[in-house]
Amino acid sequence: MKYRVLTIVNKYIIWFVIIILIVLSSIFSDVFFTTQNLFNILRQISILGLLAIGVTFVFIGGSFDLSIGSIMMFSTVLAINIQPVDNIHTIMAIIIALAIGIILGCVNGFLIGYLKGNAFIITLAMLSLILGIILFYTGGKHVWTFNVTQAFSFISEGEIFRIPFPAILFLLSIFITNFVLSKTPFGMRLYALGNNEVAAKISGIKVSKMRFTSFVISGFFAALSGIIVASRVKNIDPGTGTGYTFDAITALILGGVSLFGGKGNMFQTLSGVLLMGILANSMTLIGVKFDIQMVIRGLLLIVAVYSDVLTRKINYEYIISKG
Amino acid sequence: MKRTLGFLINVNKIFYLLIFLIVLFGCINKTFFTIINFQNLLLQLSFDGILVIGIVFVFIGRDFDLSIGSTLALSTVLAVRMLNSGMNIISSIIVTTLVGCLIGVINGFIISVMNVNSFIATLGMMISLRGLAYIFSGDRPIYSENMEFSKISNEIKVLGIPLPFIIFFILLVISSVILKYTIYGRNLYAVGSGKEDSCTLMGINIKLNKIVSFAICGITASLAGVLMASRFNQGSPLLGQKSLFIVFAAAILGGVSLYGGEGNTIGAFFGLLVLVIISNGLNLLETPSYYQTILKGLVLIIAIFLDMYLVRRRKF
């Protein structure tokens with residue numbers, strides 16, 4: 001009984017935490033529980049969320065991707081620099097920015113899937129490489145654009161039935177990718193690959209191709225979130241850091257997606273992203289300083305993972321005691 | 001002598017690349033082989049070098065430490081604040097190093113005793129410590145009011161060699177002796193090889209071992225921080241954000257395995273030397289910095305595959 005309760009608690013603990021957080025924030029801040037602010041949170045998390053969706057594929061396949069932040073930055077810079085001031089350029093900006101994400105994902109996937117390089121180092125190297133290419137492309141200068149088309153600003157500012165467009169894009173992506181992961185052969189094989197690569201290979205799964213595809217998906221979603229950033233800020237300094245990578249990884253781990261592959265689903269990713277978004281929003285509304293927010297976020301990460309370790313240990317002891 | 005040289009070359013396939021680079025840059029640029037440039041090179045090398053020494057211990061024990069950059073930033077801030085409040089230089093250095101050691105012990109405790117994956121634990125510490133650095137510095141760089149402090153990294157030279165490099169070199173010697181000739185060092189390789197059951201049967205205290213290696217990593221990170229604070233005469237929460245890449249790349253280039261149980265600090269030193277010489281040589285040729293960023297990424301990718309295929313060929 002104790003075991004069962006604990007499993008359920010562990011499975012949904014993050015949703016409890018989110019609810020508690022929402023209740024607490026509503027008590028402490030008058031502004032928090034207003035439609036305006038809730039939609040605002042949705043708009044804020046969709047960028048991080050789309051990024052996290054892509055990495056979830058890579059994580060489930062048992063790999064690692066550190067280069068998403070720079071891929072995202074590259075697509076942002078490209079989309080802005082193409083100057084989407086008329087319809088043709090808007091379409092071009094979106095297509096080229098997405099294409100660059102897919103191409104870079106292909107490079108990652110080729111090096112890691114087919115040439116069997118270590119994912120951590122390869123993507124670390126790619127991070128530096130892509131950042132260098134961005135600086136080369138822009139000459140290290142600030143890029144900006146004026147008078148963008150309505151369609152381009154609609155990507156980040158548009159609303160359908162008062163729901164922000166990025167949020168719709170994000171939630172739609174969650175449902176589609178969750179379907180792909182849980183109901184298609186591709187998803188099943190990805191879990192198999194993440195659980196045990198050798199077994200997956202022996203049972204006839206094309207391991208290299210699967211891994212390649214997961215990196216392409218990751219690149220695509222990184223580029224997609226990059227386009228939303230481009231539409232939102234309309235000017236960017238390519239030298240600024242890409243802190244989004246670690247934020248996305250933090251969200252995944254908070255949600256319970258395993259670092260070692262084979263575990264996790266899109267709703268866990270959603271919960272992690274939601275928790276981070278709500279936490280950041282409520283702390284800002286209550287007036288917690290940015291530096292203290294950082295400390296809290298870091299500690300939260302460690303606590304979240306430790307609770308996971310604890311439950312796993314209790315499960316293990318339960319199994320042992322039952323023989 | 002011959003044996004030592006052979007040992008070096010065997011351990012470091014990177015050695016050939018290094019000689020090639022030195023000759024290349026020496027040929028195309030006159031300023032490369034000047035004393036001032038070498039002093040400059042050694043100074044650049046020493047900050048990241050001290051970080052690399054610590055990370056090698058952690059890598060050998062089959063763990064990760066992402067928090068070194070933040071520990072460095074926190075140490076610069078702490079050292080400068082203590083100096084500004086009137087503490088003398090030596091005691092502020094000692095206290096800062098102790099704080100670094102404490103951070104390492106906390107890291108090690110979370111990872112070994114609480115059994116949390118090292119990547120996540122140090123990711124959390126990375127974020128928190130960076131936040132702490134912001135809190136202690138009041139969100140902006142603080143300048144040291146102690147005039148003597150900046151001399152440590154900028155003016156003191158022994159036989160023309162900058163003091164930070166001498167400290168780095170001493171640490172390098174000590175660390176290789178620890179890894180090669182002490183019980184702790186040999187045990188660390190055993191722990192890093194991943195066969196935990198055999199380690200336990202041999203009577204190795206795995207947990208203590210890991211805590212010690214994280215403590216060493218914390219100490220080196222904070223020492224690098226103190227020296228860097230002296231170099232720039234300031235403590236800033238923004239320092240050390242880019243160290244992670246160069247330090248990891250250096251260790252991997254130098255043959256320290258990510259999967260634990262392999263490599264040594266001298267190898268990592270040569271790996272770092274390659275990266276620093278590339279950036280120094282390109283700087284002298286007045287190439288824009290983004291070429292360097294691209295090139296470093298490429299060198300890392302090529303090194304991984306060279307290493308992989310060389311190892312593979314030896315196996316079959």
# chains A, B, ... in the order shown; residues from 1 in each chain; ligands from 1
call {"tool": "closest_atom_pairs", "arguments": {"of": "chain B", "to": "chain A", "cutoff": "10 Å", "atoms": "only C-alpha atoms", "output": "Markdown table"}}
result
| residue | atom | partner | partner_atom | distance |
| --- | --- | --- | --- | --- |
| B:Ile110 | CA | A:Ile302 | CA | 8.4 |
| B:Ile111 | CA | A:Tyr306 | CA | 9.7 |
| B:Met114 | CA | A:Tyr306 | CA | 7.0 |
| B:Asn115 | CA | A:Val309 | CA | 7.0 |
| B:Val116 | CA | A:Tyr306 | CA | 6.1 |
| B:Asn117 | CA | A:Val305 | CA | 8.2 |
| B:Phe119 | CA | A:Leu259 | CA | 9.1 |
| B:Ile120 | CA | A:Ile302 | CA | 7.1 |
| B:Ala121 | CA | A:Ile302 | CA | 5.6 |
| B:Thr122 | CA | A:Ile302 | CA | 8.5 |
| B:Leu123 | CA | A:Gly298 | CA | 7.4 |
| B:Gly124 | CA | A:Gly298 | CA | 4.0 |
| B:Met125 | CA | A:Gly298 | CA | 5.9 |
| B:Met126 | CA | A:Gly298 | CA | 7.2 |
| B:Ile127 | CA | A:Gly298 | CA | 4.9 |
| B:Ser128 | CA | A:Val295 | CA | 3.8 |
| B:Leu129 | CA | A:Val295 | CA | 6.8 |
| B:Arg130 | CA | A:Met294 | CA | 7.4 |
| B:Gly131 | CA | A:Asp291 | CA | 4.5 |
| B:Leu132 | CA | A:Val295 | CA | 6.5 |
| B:Ala133 | CA | A:Asp291 | CA | 8.2 |
| B:Tyr134 | CA | A:Asp291 | CA | 5.6 |
| B:Ile135 | CA | A:Asp291 | CA | 5.8 |
| B:Phe136 | CA | A:Asp291 | CA | 9.5 |
| B:Gly138 | CA | A:Asp291 | CA | 9.0 |
| B:Asp139 | CA | A:Asp291 | CA | 7.8 |
| B:Gln241 | CA | A:Gly241 | CA | 9.1 |
| B:Lys242 | CA | A:Gly241 | CA | 9.6 |
| B:Leu244 | CA | A:Leu124 | CA | 9.8 |
| B:Phe245 | CA | A:Leu124 | CA | 7.2 |
| B:Ile246 | CA | A:Ser128 | CA | 9.9 |
| B:Phe248 | CA | A:Ile121 | CA | 8.4 |
| B:Ala249 | CA | A:Ile121 | CA | 7.9 |
| B:Ile252 | CA | A:Ile121 | CA | 8.4 |
| B:Leu258 | CA | A:Asn118 | CA | 8.9 |
| B:Pro288 | CA | A:Phe136 | CA | 8.6 |
| B:Ser289 | CA | A:Gly132 | CA | 8.1 |
| B:Tyr290 | CA | A:Gly132 | CA | 4.6 |
| B:Tyr291 | CA | A:Gly132 | CA | 6.4 |
| B:Gln292 | CA | A:Gly132 | CA | 7.5 |
| B:Thr293 | CA | A:Gly132 | CA | 4.8 |
| B:Ile294 | CA | A:Leu129 | CA | 4.3 |
| B:Leu295 | CA | A:Leu129 | CA | 7.2 |
| B:Lys296 | CA | A:Ser128 | CA | 7.2 |
| B:Gly297 | CA | A:Ala125 | CA | 4.3 |
| B:Leu298 | CA | A:Leu129 | CA | 6.8 |
| B:Val299 | CA | A:Ala125 | CA | 8.4 |
| B:Leu300 | CA | A:Ala125 | CA | 6.0 |
| B:Ile301 | CA | A:Ile122 | CA | 6.1 |
| B:Ile302 | CA | A:Ile122 | CA | 9.7 |
| B:Ile304 | CA | A:Gly117 | CA | 7.1 |
| B:Phe305 | CA | A:Gly117 | CA | 6.8 |
| B:Met308 | CA | A:Gly117 | CA | 7.9 |
call {"tool": "write_last_selection", "arguments": {"atoms": "N, CA and C atoms", "output": "short mmCIF file (atom, residue, chain, number, x, y, z; two decimals), in the first residue's frame"}}
result
data_model
loop_
_atom_site.label_atom_id
_atom_site.label_comp_id
_atom_site.auth_asym_id
_atom_site.auth_seq_id
_atom_site.Cartn_x
_atom_site.Cartn_y
_atom_site.Cartn_z
N ILE B 110 26.14 15.18 -2.54
CA ILE B 110 24.88 15.01 -3.27
C ILE B 110 24.99 13.84 -4.24
N ILE B 111 26.16 13.74 -4.89
CA ILE B 111 26.30 12.74 -5.95
C ILE B 111 26.53 11.34 -5.38
N MET B 114 23.82 10.87 -1.68
CA MET B 114 22.41 10.95 -2.02
C MET B 114 22.11 10.29 -3.35
N ASN B 115 23.18 9.87 -4.06
CA ASN B 115 23.02 9.05 -5.27
C ASN B 115 22.32 9.76 -6.42
N VAL B 116 22.57 11.06 -6.56
CA VAL B 116 21.98 11.81 -7.66
C VAL B 116 22.98 11.82 -8.81
N ASN B 117 22.46 11.73 -10.02
CA ASN B 117 23.31 11.77 -11.20
C ASN B 117 24.16 13.05 -11.22
N PHE B 119 25.60 14.79 -13.52
CA PHE B 119 25.30 15.83 -14.50
C PHE B 119 24.22 16.77 -13.97
N ILE B 120 23.14 16.18 -13.42
CA ILE B 120 22.02 17.01 -12.96
C ILE B 120 22.40 17.76 -11.70
N ALA B 121 23.08 17.05 -10.77
CA ALA B 121 23.42 17.68 -9.50
C ALA B 121 24.28 18.91 -9.74
N THR B 122 25.29 18.76 -10.60
CA THR B 122 26.17 19.91 -10.81
C THR B 122 25.52 20.96 -11.71
N LEU B 123 24.54 20.53 -12.52
CA LEU B 123 23.76 21.53 -13.28
C LEU B 123 22.99 22.42 -12.32
N GLY B 124 22.38 21.78 -11.31
CA GLY B 124 21.67 22.55 -10.28
C GLY B 124 22.61 23.46 -9.53
N MET B 125 23.79 22.92 -9.17
CA MET B 125 24.76 23.73 -8.44
C MET B 125 25.25 24.88 -9.32
N MET B 126 25.41 24.60 -10.62
CA MET B 126 25.87 25.64 -11.55
C MET B 126 24.94 26.84 -11.50
N ILE B 127 23.61 26.57 -11.59
CA ILE B 127 22.64 27.66 -11.58
C ILE B 127 22.66 28.38 -10.23
N SER B 128 22.63 27.57 -9.14
CA SER B 128 22.54 28.18 -7.81
C SER B 128 23.77 29.02 -7.48
N LEU B 129 24.95 28.49 -7.80
CA LEU B 129 26.18 29.20 -7.44
C LEU B 129 26.31 30.49 -8.24
N ARG B 130 25.89 30.44 -9.51
CA ARG B 130 25.91 31.66 -10.33
C ARG B 130 24.99 32.70 -9.68
N GLY B 131 23.83 32.23 -9.20
CA GLY B 131 22.91 33.13 -8.51
C GLY B 131 23.54 33.72 -7.26
N LEU B 132 24.24 32.86 -6.49
CA LEU B 132 24.92 33.33 -5.28
C LEU B 132 25.97 34.39 -5.63
N ALA B 133 26.69 34.14 -6.73
CA ALA B 133 27.71 35.11 -7.15
C ALA B 133 27.06 36.46 -7.45
N TYR B 134 25.88 36.42 -8.09
CA TYR B 134 25.14 37.66 -8.35
C TYR B 134 24.75 38.34 -7.04
N ILE B 135 24.26 37.52 -6.07
CA ILE B 135 23.81 38.09 -4.80
C ILE B 135 24.98 38.78 -4.08
N PHE B 136 26.13 38.06 -3.99
CA PHE B 136 27.26 38.59 -3.23
C PHE B 136 27.88 39.83 -3.88
N GLY B 138 26.17 42.00 -5.71
CA GLY B 138 25.19 43.06 -5.95
C GLY B 138 24.95 43.28 -7.43
N ASP B 139 24.99 42.19 -8.20
CA ASP B 139 24.67 42.20 -9.63
C ASP B 139 25.62 43.00 -10.52
N GLN B 241 32.05 31.89 -17.71
CA GLN B 241 30.92 31.26 -18.39
C GLN B 241 31.37 30.43 -19.58
N LYS B 242 32.52 30.84 -20.16
CA LYS B 242 32.96 30.10 -21.34
C LYS B 242 34.01 29.05 -21.00
N LEU B 244 33.76 26.32 -19.43
CA LEU B 244 33.29 24.95 -19.47
C LEU B 244 33.69 24.29 -20.78
N PHE B 245 33.49 25.01 -21.89
CA PHE B 245 33.79 24.41 -23.19
C PHE B 245 35.26 24.09 -23.32
N ILE B 246 36.11 25.08 -23.01
CA ILE B 246 37.54 24.89 -23.25
C ILE B 246 38.10 23.81 -22.31
N PHE B 248 36.44 21.19 -20.89
CA PHE B 248 36.00 19.86 -21.31
C PHE B 248 36.74 19.44 -22.57
N ALA B 249 36.85 20.39 -23.52
CA ALA B 249 37.52 20.07 -24.78
C ALA B 249 38.96 19.67 -24.54
N ILE B 252 39.22 16.16 -23.05
CA ILE B 252 38.90 15.11 -24.01
C ILE B 252 39.99 14.99 -25.07
N LEU B 258 35.55 10.19 -21.19
CA LEU B 258 34.30 10.60 -20.54
C LEU B 258 33.70 9.43 -19.79
N PRO B 288 39.60 37.19 -36.99
CA PRO B 288 38.48 37.50 -36.10
C PRO B 288 38.20 36.31 -35.18
N SER B 289 37.63 36.63 -34.00
CA SER B 289 37.51 35.59 -32.99
C SER B 289 36.56 34.48 -33.41
N TYR B 290 35.61 34.79 -34.35
CA TYR B 290 34.66 33.73 -34.67
C TYR B 290 35.28 32.59 -35.46
N TYR B 291 36.38 32.88 -36.20
CA TYR B 291 37.08 31.77 -36.85
C TYR B 291 37.60 30.80 -35.80
N GLN B 292 38.08 31.39 -34.68
CA GLN B 292 38.60 30.54 -33.61
C GLN B 292 37.51 29.66 -33.03
N THR B 293 36.33 30.27 -32.83
CA THR B 293 35.23 29.49 -32.27
C THR B 293 34.91 28.32 -33.18
N ILE B 294 34.85 28.61 -34.50
CA ILE B 294 34.56 27.54 -35.45
C ILE B 294 35.65 26.49 -35.41
N LEU B 295 36.91 26.96 -35.44
CA LEU B 295 38.03 26.04 -35.51
C LEU B 295 38.10 25.14 -34.28
N LYS B 296 37.83 25.73 -33.10
CA LYS B 296 37.89 24.92 -31.88
C LYS B 296 36.86 23.81 -31.93
N GLY B 297 35.66 24.15 -32.42
CA GLY B 297 34.64 23.12 -32.55
C GLY B 297 35.09 22.02 -33.49
N LEU B 298 35.68 22.43 -34.63
CA LEU B 298 36.13 21.44 -35.60
C LEU B 298 37.24 20.56 -35.02
N VAL B 299 38.21 21.19 -34.34
CA VAL B 299 39.31 20.42 -33.76
C VAL B 299 38.77 19.37 -32.81
N LEU B 300 37.78 19.77 -32.02
CA LEU B 300 37.21 18.83 -31.05
C LEU B 300 36.57 17.65 -31.76
N ILE B 301 35.76 17.94 -32.80
CA ILE B 301 35.09 16.85 -33.51
C ILE B 301 36.11 15.92 -34.16
N ILE B 302 37.12 16.52 -34.82
CA ILE B 302 38.13 15.69 -35.48
C ILE B 302 38.87 14.84 -34.46
N ILE B 304 37.85 13.70 -31.61
CA ILE B 304 37.05 12.59 -31.12
C ILE B 304 37.10 11.43 -32.11
N PHE B 305 36.93 11.76 -33.39
CA PHE B 305 36.87 10.66 -34.35
C PHE B 305 38.24 10.02 -34.56
N MET B 308 38.59 7.80 -31.68
CA MET B 308 37.72 6.62 -31.79
C MET B 308 38.28 5.60 -32.74
#
call {"tool": "select_by_dssp", "arguments": {"residues": "stretch 4-136 of chain B", "states": "alpha helix (DSSP H)", "output": "ChimeraX atom specification"}}
result
/B:4-11,14-28,35-60,68-84,89-108,118-136
call {"tool": "residues_around", "arguments": {"residues": "A:Ile82", "least_positions_apart": "3", "cutoff": "8 Å", "atoms": "only C-alpha atoms", "output": "VMD selection string"}}
result
chain A and resid 78 to 79 89 92 to 93
call {"tool": "residues_around", "arguments": {"residues": "A:Thr35", "least_positions_apart": "4", "cutoff": "10 Å", "atoms": "only C-alpha atoms", "output": "number ranges by chain"}}
result
A: 31, 39-41, 162-163
call {"tool": "residues_around", "arguments": {"residues": "stretch 92-107 of chain B", "least_positions_apart": "6", "cutoff": "9 Å", "atoms": "only C-alpha atoms", "output": "short mmCIF file (atom, residue, chain, number, x, y, z; two decimals) with all heavy atoms, in the first residue's frame"}}
result
data_model
loop_
_atom_site.label_atom_id
_atom_site.label_comp_id
_atom_site.auth_asym_id
_atom_site.auth_seq_id
_atom_site.Cartn_x
_atom_site.Cartn_y
_atom_site.Cartn_z
N ASP B 65 31.38 17.56 -13.84
CA ASP B 65 31.19 18.73 -13.00
C ASP B 65 30.93 19.93 -13.89
O ASP B 65 31.83 20.43 -14.54
CB ASP B 65 32.39 18.97 -12.09
CG ASP B 65 32.05 19.95 -11.00
OD1 ASP B 65 31.00 20.62 -11.11
OD2 ASP B 65 32.81 20.07 -10.03
N SER B 67 29.67 22.67 -12.62
CA SER B 67 29.57 23.85 -11.76
C SER B 67 30.89 24.61 -11.64
O SER B 67 30.95 25.62 -10.96
CB SER B 67 29.09 23.45 -10.37
OG SER B 67 30.07 22.68 -9.73
N THR B 71 31.61 28.17 -9.76
CA THR B 71 32.46 28.21 -8.57
C THR B 71 33.54 29.26 -8.76
O THR B 71 33.85 30.02 -7.83
CB THR B 71 33.12 26.84 -8.35
OG1 THR B 71 32.13 25.83 -8.41
CG2 THR B 71 33.83 26.77 -7.02
N LEU B 72 34.09 29.30 -9.98
CA LEU B 72 35.12 30.30 -10.30
C LEU B 72 34.57 31.72 -10.10
O LEU B 72 35.18 32.55 -9.43
CB LEU B 72 35.58 30.08 -11.72
CG LEU B 72 36.73 30.92 -12.26
CD1 LEU B 72 37.57 30.07 -13.19
CD2 LEU B 72 36.25 32.13 -13.01
N LEU B 74 31.99 32.73 -8.35
CA LEU B 74 31.71 32.98 -6.93
C LEU B 74 33.00 33.29 -6.18
O LEU B 74 33.04 34.19 -5.34
CB LEU B 74 31.00 31.76 -6.33
CG LEU B 74 30.55 31.90 -4.89
CD1 LEU B 74 29.54 33.01 -4.76
CD2 LEU B 74 29.94 30.60 -4.40
N SER B 75 34.09 32.56 -6.53
CA SER B 75 35.36 32.77 -5.84
C SER B 75 35.94 34.14 -6.12
O SER B 75 36.48 34.77 -5.21
CB SER B 75 36.37 31.71 -6.25
OG SER B 75 35.85 30.44 -6.07
N THR B 76 35.82 34.59 -7.39
CA THR B 76 36.35 35.93 -7.68
C THR B 76 35.62 36.97 -6.83
O THR B 76 36.25 37.84 -6.24
CB THR B 76 36.18 36.32 -9.17
OG1 THR B 76 34.79 36.36 -9.48
CG2 THR B 76 36.88 35.37 -10.09
N LEU B 78 33.93 36.51 -3.98
CA LEU B 78 34.23 36.36 -2.55
C LEU B 78 35.59 36.93 -2.21
O LEU B 78 35.74 37.69 -1.25
CB LEU B 78 34.21 34.87 -2.17
CG LEU B 78 32.85 34.26 -1.88
CD1 LEU B 78 33.02 32.81 -1.47
CD2 LEU B 78 32.16 35.04 -0.77
N ALA B 79 36.60 36.59 -3.03
CA ALA B 79 37.96 37.04 -2.75
C ALA B 79 38.03 38.56 -2.73
O ALA B 79 38.58 39.15 -1.79
CB ALA B 79 38.93 36.48 -3.79
N VAL B 80 37.43 39.19 -3.73
CA VAL B 80 37.51 40.65 -3.81
C VAL B 80 36.73 41.29 -2.67
O VAL B 80 37.18 42.27 -2.06
CB VAL B 80 36.99 41.14 -5.18
CG1 VAL B 80 36.88 42.65 -5.20
CG2 VAL B 80 37.92 40.69 -6.27
N MET B 82 36.21 40.07 0.31
CA MET B 82 36.95 39.93 1.55
C MET B 82 38.12 40.90 1.61
O MET B 82 38.41 41.49 2.65
CB MET B 82 37.44 38.49 1.71
CG MET B 82 36.36 37.59 2.26
SD MET B 82 36.95 35.99 2.69
CE MET B 82 37.00 35.21 1.14
N LEU B 83 38.80 41.07 0.45
CA LEU B 83 39.90 42.03 0.41
C LEU B 83 39.41 43.43 0.70
O LEU B 83 40.02 44.19 1.46
CB LEU B 83 40.57 42.00 -0.96
CG LEU B 83 41.48 40.80 -1.22
CD1 LEU B 83 41.89 40.77 -2.66
CD2 LEU B 83 42.71 40.90 -0.33
N SER B 118 25.47 12.88 -11.50
CA SER B 118 26.38 14.02 -11.34
C SER B 118 26.07 15.14 -12.32
O SER B 118 26.27 16.32 -12.01
CB SER B 118 27.82 13.57 -11.51
OG SER B 118 28.03 13.09 -12.80
N ALA B 121 23.08 17.05 -10.77
CA ALA B 121 23.42 17.68 -9.50
C ALA B 121 24.28 18.91 -9.74
O ALA B 121 24.03 19.98 -9.18
CB ALA B 121 24.14 16.69 -8.61
N THR B 122 25.29 18.76 -10.60
CA THR B 122 26.17 19.91 -10.81
C THR B 122 25.52 20.96 -11.71
O THR B 122 25.87 22.13 -11.64
CB THR B 122 27.53 19.48 -11.41
OG1 THR B 122 27.31 18.71 -12.57
CG2 THR B 122 28.32 18.70 -10.41
N MET B 125 23.79 22.92 -9.17
CA MET B 125 24.76 23.73 -8.44
C MET B 125 25.25 24.88 -9.32
O MET B 125 25.50 25.99 -8.83
CB MET B 125 25.96 22.87 -8.02
CG MET B 125 25.67 21.94 -6.89
SD MET B 125 25.22 22.80 -5.39
CE MET B 125 26.81 23.12 -4.68
N ILE B 211 33.81 11.97 -3.12
CA ILE B 211 33.76 13.26 -2.43
C ILE B 211 35.11 13.96 -2.52
O ILE B 211 35.19 15.16 -2.79
CB ILE B 211 33.33 13.08 -0.95
CG1 ILE B 211 31.88 12.63 -0.89
CG2 ILE B 211 33.50 14.37 -0.18
CD1 ILE B 211 31.37 12.35 0.48
N VAL B 212 36.19 13.17 -2.34
CA VAL B 212 37.53 13.77 -2.40
C VAL B 212 37.79 14.35 -3.79
O VAL B 212 38.29 15.47 -3.92
CB VAL B 212 38.61 12.74 -2.03
CG1 VAL B 212 40.00 13.29 -2.32
CG2 VAL B 212 38.50 12.36 -0.58
N SER B 213 37.41 13.61 -4.85
CA SER B 213 37.72 14.16 -6.18
C SER B 213 36.90 15.40 -6.48
O SER B 213 37.40 16.33 -7.12
CB SER B 213 37.56 13.10 -7.27
OG SER B 213 36.38 12.41 -7.12
N PHE B 214 35.66 15.46 -6.00
CA PHE B 214 34.89 16.69 -6.20
C PHE B 214 35.47 17.83 -5.37
O PHE B 214 35.45 18.99 -5.80
CB PHE B 214 33.41 16.48 -5.86
CG PHE B 214 32.63 15.96 -7.02
CD1 PHE B 214 32.37 14.61 -7.16
CD2 PHE B 214 32.20 16.81 -8.01
CE1 PHE B 214 31.67 14.13 -8.24
CE2 PHE B 214 31.50 16.35 -9.10
CZ PHE B 214 31.24 15.00 -9.21
N ALA B 215 35.98 17.50 -4.17
CA ALA B 215 36.60 18.54 -3.35
C ALA B 215 37.82 19.10 -4.06
O ALA B 215 38.02 20.32 -4.09
CB ALA B 215 36.98 17.98 -1.99
N ILE B 216 38.62 18.22 -4.66
CA ILE B 216 39.80 18.69 -5.40
C ILE B 216 39.36 19.61 -6.54
O ILE B 216 39.94 20.67 -6.77
CB ILE B 216 40.60 17.48 -5.96
CG1 ILE B 216 41.26 16.74 -4.81
CG2 ILE B 216 41.64 17.93 -6.97
CD1 ILE B 216 41.96 15.48 -5.21
N CYS B 217 38.30 19.21 -7.23
CA CYS B 217 37.80 20.01 -8.34
C CYS B 217 37.34 21.39 -7.84
O CYS B 217 37.61 22.41 -8.48
CB CYS B 217 36.65 19.27 -9.02
SG CYS B 217 36.19 19.99 -10.57
N GLY B 218 36.66 21.40 -6.69
CA GLY B 218 36.22 22.68 -6.13
C GLY B 218 37.39 23.57 -5.75
O GLY B 218 37.37 24.78 -6.01
N ILE B 219 38.42 22.95 -5.15
CA ILE B 219 39.60 23.73 -4.74
C ILE B 219 40.27 24.36 -5.95
O ILE B 219 40.57 25.55 -5.97
CB ILE B 219 40.61 22.83 -3.98
CG1 ILE B 219 40.03 22.42 -2.63
CG2 ILE B 219 41.93 23.54 -3.80
CD1 ILE B 219 40.86 21.39 -1.91
N THR B 220 40.47 23.56 -7.01
CA THR B 220 41.14 24.10 -8.19
C THR B 220 40.30 25.21 -8.83
O THR B 220 40.85 26.22 -9.26
CB THR B 220 41.42 23.01 -9.24
OG1 THR B 220 40.20 22.33 -9.51
CG2 THR B 220 42.47 22.05 -8.78
N ALA B 221 38.97 25.00 -8.86
CA ALA B 221 38.12 26.02 -9.47
C ALA B 221 38.22 27.33 -8.72
O ALA B 221 38.32 28.41 -9.31
CB ALA B 221 36.67 25.55 -9.54
N SER B 222 38.24 27.26 -7.36
CA SER B 222 38.28 28.51 -6.61
C SER B 222 39.66 29.15 -6.68
O SER B 222 39.78 30.37 -6.72
CB SER B 222 37.87 28.29 -5.16
OG SER B 222 38.73 27.38 -4.56
N LEU B 223 40.71 28.32 -6.77
CA LEU B 223 42.06 28.88 -6.93
C LEU B 223 42.15 29.62 -8.26
O LEU B 223 42.67 30.74 -8.33
CB LEU B 223 43.10 27.75 -6.93
CG LEU B 223 43.97 27.62 -5.70
CD1 LEU B 223 44.97 26.50 -5.90
CD2 LEU B 223 44.70 28.92 -5.44
N GLY B 225 39.78 30.93 -9.74
CA GLY B 225 38.98 32.14 -9.56
C GLY B 225 39.77 33.25 -8.89
O GLY B 225 39.74 34.40 -9.34
N VAL B 226 40.51 32.90 -7.84
CA VAL B 226 41.30 33.91 -7.13
C VAL B 226 42.32 34.54 -8.07
O VAL B 226 42.47 35.77 -8.14
CB VAL B 226 42.00 33.29 -5.91
CG1 VAL B 226 42.98 34.29 -5.32
CG2 VAL B 226 41.01 32.85 -4.88
#
call {"tool": "residues_around", "arguments": {"residues": "B:Leu42", "least_positions_apart": "2", "cutoff": "10 Å", "atoms": "only C-alpha atoms", "output": "number ranges by chain"}}
result
B: 36-40, 44-47, 49, 161-166, 168, 273, 276-277
call {"tool": "residues_around", "arguments": {"residues": "B:Asn154", "least_positions_apart": "2", "cutoff": "9 Å", "atoms": "only C-alpha atoms", "output": "number ranges by chain"}}
result
B: 43, 150-152, 156-157, 162-164, 230-232
call {"tool": "select_by_dssp", "arguments": {"residues": "stretch 37-182 of chain B", "states": "strand (DSSP E)", "output": "list in words"}}
result
Ile142, Tyr143, Lys157, Val158, Ile161 and Pro162 of chain B
call {"tool": "atom_distance", "arguments": {"atom1": "atom CA of A:Ala200", "atom2": "atom CA of A:Val257"}}
result
19.8 Å
call {"tool": "atom_distance", "arguments": {"atom1": "atom CA of B:Phe270", "atom2": "atom CA of B:Leu18"}}
result
7.7 Å
